[in-house]
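Next comes protein.cif, with mmCIF, C-alpha atoms.
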```cif
data_coords
#
loop_
_atom_site.group_PDB
_atom_site.id
_atom_site.type_symbol
_atom_site.label_atom_id
_atom_site.label_comp_id
_atom_site.auth_asym_id
_atom_site.auth_seq_id
_atom_site.Cartn_x
_atom_site.Cartn_y
_atom_site.Cartn_z
ATOM 1 C CA MET A 1 -20.462 58.755 -60.742
ATOM 2 C CA ARG A 2 -22.987 60.536 -58.549
ATOM 3 C CA ARG A 3 -25.441 58.658 -56.297
ATOM 4 C CA ASP A 4 -23.891 55.408 -57.579
ATOM 5 C CA VAL A 5 -25.371 56.134 -61.016
ATOM 6 C CA PRO A 6 -23.102 55.950 -64.070
ATOM 7 C CA ASN A 7 -22.617 58.959 -66.345
ATOM 8 C CA GLN A 8 -25.558 59.375 -68.735
ATOM 9 C CA ASP A 9 -23.961 61.910 -71.064
ATOM 10 C CA ALA A 10 -22.840 61.286 -74.631
ATOM 11 C CA VAL A 11 -20.766 63.239 -77.156
ATOM 12 C CA LEU A 12 -20.180 62.499 -80.826
ATOM 13 C CA CYS A 13 -18.260 64.523 -83.404
ATOM 14 C CA ALA A 14 -17.709 64.135 -87.119
ATOM 15 C CA HIS A 15 -15.413 66.240 -89.263
ATOM 16 C CA ARG A 16 -14.020 66.294 -92.744
ATOM 17 C CA ILE A 17 -11.211 68.433 -94.088
ATOM 18 C CA GLY A 18 -10.940 69.301 -97.770
ATOM 19 C CA ALA A 19 -13.325 70.529 -100.443
ATOM 20 C CA ALA A 20 -16.395 69.662 -98.353
ATOM 21 C CA SER A 21 -14.976 70.615 -94.956
ATOM 22 C CA HIS A 22 -17.366 70.461 -92.050
ATOM 23 C CA PHE A 23 -17.536 69.901 -88.321
ATOM 24 C CA ILE A 24 -20.530 68.306 -86.622
ATOM 25 C CA ALA A 25 -20.895 67.881 -82.875
ATOM 26 C CA ALA A 26 -23.698 66.564 -80.709
ATOM 27 C CA VAL A 27 -23.996 66.460 -76.927
ATOM 28 C CA ALA A 28 -26.780 64.667 -75.069
ATOM 29 C CA ASP A 29 -27.530 64.707 -71.363
ATOM 30 C CA GLY A 30 -29.418 61.661 -70.130
ATOM 31 C CA HIS A 31 -31.809 62.519 -67.319
ATOM 32 C CA GLY A 32 -30.509 60.041 -64.743
ATOM 33 C CA ALA A 33 -33.673 59.990 -62.614
ATOM 34 C CA PRO A 34 -34.968 56.533 -61.626
ATOM 35 C CA GLU A 35 -37.727 56.564 -64.273
ATOM 36 C CA HIS A 36 -35.044 57.266 -66.913
ATOM 37 C CA PHE A 37 -32.959 54.206 -66.029
ATOM 38 C CA ARG A 38 -31.770 53.776 -69.636
ATOM 39 C CA SER A 39 -30.850 57.405 -70.261
ATOM 40 C CA GLU A 40 -27.213 56.444 -70.877
ATOM 41 C CA ALA A 41 -28.387 54.504 -73.956
ATOM 42 C CA GLY A 42 -30.876 57.278 -74.780
ATOM 43 C CA ALA A 43 -28.097 59.882 -74.826
ATOM 44 C CA ARG A 44 -25.861 57.704 -76.995
ATOM 45 C CA LEU A 45 -28.689 57.076 -79.463
ATOM 46 C CA ALA A 46 -29.498 60.814 -79.483
ATOM 47 C CA VAL A 47 -26.015 61.912 -80.568
ATOM 48 C CA GLU A 48 -25.913 59.184 -83.211
ATOM 49 C CA ALA A 49 -29.295 60.298 -84.612
ATOM 50 C CA ALA A 50 -28.253 63.967 -84.596
ATOM 51 C CA VAL A 51 -24.896 63.477 -86.321
ATOM 52 C CA SER A 52 -26.488 61.254 -88.952
ATOM 53 C CA ALA A 53 -29.265 63.784 -89.663
ATOM 54 C CA LEU A 54 -26.832 66.721 -89.752
ATOM 55 C CA GLU A 55 -24.595 64.835 -92.207
ATOM 56 C CA ARG A 56 -27.586 64.457 -94.548
ATOM 57 C CA PHE A 57 -28.631 68.068 -93.940
ATOM 58 C CA ARG A 58 -25.149 69.294 -94.872
ATOM 59 C CA VAL A 59 -24.969 67.166 -98.022
ATOM 60 C CA GLU A 60 -28.474 68.064 -99.197
ATOM 61 C CA ARG A 61 -28.093 71.762 -98.237
ATOM 62 C CA MET A 62 -31.688 71.986 -97.075
ATOM 63 C CA PRO A 63 -33.120 75.506 -96.992
ATOM 64 C CA ASP A 64 -33.878 77.251 -93.685
ATOM 65 C CA ARG A 65 -37.610 76.687 -94.038
ATOM 66 C CA LEU A 66 -36.968 72.970 -93.526
ATOM 67 C CA MET A 67 -35.243 73.350 -90.135
ATOM 68 C CA PRO A 68 -38.277 71.924 -88.277
ATOM 69 C CA ASP A 69 -37.965 68.875 -90.551
ATOM 70 C CA LEU A 70 -34.415 68.403 -89.256
ATOM 71 C CA ALA A 71 -35.631 68.266 -85.642
ATOM 72 C CA SER A 72 -38.422 65.880 -86.658
ATOM 73 C CA GLU A 73 -35.932 63.614 -88.430
ATOM 74 C CA ILE A 74 -33.652 63.523 -85.385
ATOM 75 C CA VAL A 75 -36.529 62.727 -83.016
ATOM 76 C CA SER A 76 -37.984 60.106 -85.370
ATOM 77 C CA THR A 77 -34.611 58.407 -85.849
ATOM 78 C CA TRP A 78 -33.995 58.485 -82.082
ATOM 79 C CA ARG A 79 -37.407 56.933 -81.368
ATOM 80 C CA GLN A 80 -36.803 54.120 -83.882
ATOM 81 C CA ALA A 81 -33.413 53.380 -82.319
ATOM 82 C CA VAL A 82 -34.874 53.474 -78.790
ATOM 83 C CA ARG A 83 -37.688 51.098 -79.707
ATOM 84 C CA ALA A 84 -35.195 48.715 -81.323
ATOM 85 C CA HIS A 85 -33.006 48.850 -78.210
ATOM 86 C CA ALA A 86 -36.039 48.301 -75.947
ATOM 87 C CA ASN A 87 -37.165 45.313 -78.025
ATOM 88 C CA GLN A 88 -33.674 43.785 -77.888
ATOM 89 C CA ASN A 89 -33.389 44.515 -74.140
ATOM 90 C CA PRO A 90 -36.820 44.001 -72.599
ATOM 91 C CA VAL A 91 -37.522 45.520 -69.207
ATOM 92 C CA ALA A 92 -37.966 42.908 -66.501
ATOM 93 C CA SER A 93 -41.082 44.589 -65.114
ATOM 94 C CA ASP A 94 -44.635 45.284 -66.213
ATOM 95 C CA TRP A 95 -44.629 49.073 -65.780
ATOM 96 C CA VAL A 96 -44.170 49.671 -69.531
ATOM 97 C CA GLU A 97 -47.778 50.072 -70.663
ATOM 98 C CA SER A 98 -47.657 51.657 -74.120
ATOM 99 C CA ALA A 99 -45.302 52.350 -77.005
ATOM 100 C CA ASP A 100 -44.758 55.921 -75.766
ATOM 101 C CA ASP A 101 -43.882 54.633 -72.289
ATOM 102 C CA LYS A 102 -41.009 52.677 -73.856
ATOM 103 C CA LEU A 103 -39.343 56.040 -74.515
ATOM 104 C CA ILE A 104 -39.393 57.282 -70.903
ATOM 105 C CA PRO A 105 -36.474 55.182 -69.600
ATOM 106 C CA TYR A 106 -34.306 56.673 -72.386
ATOM 107 C CA GLY A 107 -34.982 60.344 -71.542
ATOM 108 C CA SER A 108 -32.317 62.762 -72.757
ATOM 109 C CA THR A 109 -31.773 66.304 -73.926
ATOM 110 C CA LEU A 110 -29.792 67.160 -77.067
ATOM 111 C CA LEU A 111 -27.624 69.971 -78.436
ATOM 112 C CA ALA A 112 -26.135 69.572 -81.912
ATOM 113 C CA THR A 113 -24.457 71.758 -84.512
ATOM 114 C CA ALA A 114 -23.010 71.527 -88.002
ATOM 115 C CA LEU A 115 -20.480 74.077 -89.209
ATOM 116 C CA THR A 116 -19.220 74.558 -92.753
ATOM 117 C CA GLN A 117 -17.627 77.447 -94.642
ATOM 118 C CA GLU A 118 -21.105 78.515 -95.772
ATOM 119 C CA MET A 119 -23.379 77.833 -92.822
ATOM 120 C CA ALA A 120 -23.894 77.042 -89.170
ATOM 121 C CA VAL A 121 -26.886 74.954 -88.121
ATOM 122 C CA ALA A 122 -27.921 74.274 -84.539
ATOM 123 C CA VAL A 123 -30.594 72.057 -83.003
ATOM 124 C CA GLN A 124 -31.596 71.920 -79.355
ATOM 125 C CA ILE A 125 -34.206 69.921 -77.483
ATOM 126 C CA GLY A 126 -34.137 70.489 -73.748
ATOM 127 C CA ASP A 127 -31.936 72.602 -71.557
ATOM 128 C CA GLY A 128 -28.358 73.578 -72.212
ATOM 129 C CA ALA A 129 -26.758 76.466 -74.000
ATOM 130 C CA LEU A 130 -24.940 76.545 -77.292
ATOM 131 C CA HIS A 131 -22.546 79.465 -77.739
ATOM 132 C CA LEU A 132 -20.822 80.600 -80.918
ATOM 133 C CA GLY A 133 -17.521 82.409 -80.495
ATOM 134 C CA SER A 134 -16.142 85.070 -82.818
ATOM 135 C CA PRO A 135 -12.455 85.853 -83.427
ATOM 136 C CA ASP A 136 -12.711 88.993 -81.271
ATOM 137 C CA GLY A 137 -13.801 86.911 -78.259
ATOM 138 C CA ARG A 138 -17.524 87.705 -78.307
ATOM 139 C CA LEU A 139 -19.962 84.902 -77.569
ATOM 140 C CA ALA A 140 -23.483 84.687 -78.951
ATOM 141 C CA ARG A 141 -26.332 82.269 -78.277
ATOM 142 C CA PRO A 142 -27.898 81.409 -81.658
ATOM 143 C CA LEU A 143 -30.949 79.706 -80.158
ATOM 144 C CA PRO A 144 -33.577 81.267 -77.873
ATOM 145 C CA ASP A 145 -34.059 80.081 -74.293
ATOM 146 C CA ASP A 146 -36.674 77.428 -73.538
ATOM 147 C CA MET A 147 -39.974 79.049 -72.687
ATOM 148 C CA GLY A 148 -42.675 77.744 -70.374
ATOM 149 C CA LEU A 149 -40.423 75.742 -68.057
ATOM 150 C CA GLN A 150 -39.909 76.266 -64.334
ATOM 151 C CA GLY A 151 -37.274 75.023 -61.911
ATOM 152 C CA GLU A 152 -35.309 72.013 -63.041
ATOM 153 C CA ALA A 153 -37.876 70.934 -65.653
ATOM 154 C CA THR A 154 -36.636 70.500 -69.194
ATOM 155 C CA TYR A 155 -37.947 69.315 -72.521
ATOM 156 C CA SER A 156 -36.872 65.798 -73.448
ATOM 157 C CA LEU A 157 -36.575 63.587 -76.484
ATOM 158 C CA CYS A 158 -38.868 61.116 -74.689
ATOM 159 C CA MET A 159 -41.782 63.609 -74.639
ATOM 160 C CA ARG A 160 -44.649 63.429 -77.095
ATOM 161 C CA GLU A 161 -44.013 65.894 -79.918
ATOM 162 C CA ALA A 162 -40.467 66.555 -78.669
ATOM 163 C CA GLU A 163 -39.575 68.057 -82.058
ATOM 164 C CA LYS A 164 -41.957 70.957 -81.368
ATOM 165 C CA HIS A 165 -39.683 72.036 -78.516
ATOM 166 C CA ALA A 166 -36.705 72.666 -80.802
ATOM 167 C CA PRO A 167 -36.361 76.484 -80.989
ATOM 168 C CA PHE A 168 -35.624 78.077 -84.368
#
```
Would you mind writing the file out in structure tokens?
Amino acid sequence: MRRDVPNQDAVLCAHRIGAASHFIAAVADGHGAPEHFRSEAGARLAVEAAVSALERFRVERMPDRLMPDLASEIVSTWRQAVRAHANQNPVASDWVESADDKLIPYGSTLLATALTQEMAVAVQIGDGALHLGSPDGRLARPLPDDMGLQGEATYSLCMREAEKHAPF
């Protein structure tokens, strides 16, 4: 707990062993700034949306050309869950002015991956770094760095068109 603010990070994993073996992991980092006062819930909802979408992606074996659709599905599912949470837990102030503003308190970044025998899929919105390790100890970053950001700025699930900031 830093600055008397609870941890706003979330992690969720799903795995199956057998004929359809897979491992899915998602990590979300809630922003924690005062305007993102519900980022703990935002991070939790982000990992749930990502694992759910990656489960469907793995089952349906979507082709690479549909990777942007995966990011869109995650963001759309996250937004629906955030709006439901906001409606069930109204803010006791009048600063929320529009539907998009309802997303701001839930600000979070997201890193997620699905690994099977046949494929590895990764999705990232915001800062962070996903590394893949090989048996000989080498590490590789499968996703490019965020471009167009300076300092501590990062892309966020609460931004308009957040799915467009998922590098492929």
Select, from A:Pro34, A:Gly137, A:Leu132, A:Pro90, the residue with the minimum atom-to-atom distance to A:Leu115, counting all atoms listed in the file.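 Distance minimum relative to A:Leu115 lands on A:Leu132.
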Which residue gives the smallest distance to A:Arg160 among A:Gln8, A:Thr113, A:Ser76, A:Ser21, with all atoms listed in the file counted? A:Ser76
Please evaluate the PyMOL selection byres ((chain A and resi 43) around 10) against the displayed coordinates and give the resulting residues as a VMD selection string. chain A and resid 8 to 11 26 to 31 38 to 42 44 to 49 78 106 to 110 157
Got a sec: who's within 12 Å of A:Ile24, counting only C-alpha atoms, leaving out chain neighbours fewer than 6 positions off, as number ranges by chain? A: 11-17, 47-48, 50-58, 111-116, 119-123
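The residue that comes closest to A:Glu161, out of A:Ala25, A:Ala20, A:Val75, A:Ile104 and on the basis of only C-alpha atoms, is A:Val75.
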As an exercise, work out the distance from atom CA of A:Ala162 to atom CA of A:Pro142 in Å and give it to one decimal place. 19.7 Å
Point out the residue among A:Ala33, A:Ala166, A:Leu103, A:Leu70 with the least atom-to-atom distance to A:Val82, counting only C-alpha atoms.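 Under the stated criterion, the closest residue is A:Leu103.
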Separation of atom CA of A:Gly32 and atom CA of A:Glu73, in Å? 24.6 Å
Could you check how far atom CA of A:Gly128 sits from atom CA of A:Asp145, in Å to one decimal?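 Interatomic distance, atom CA of A:Gly128 to atom CA of A:Asp145: 8.9 Å.
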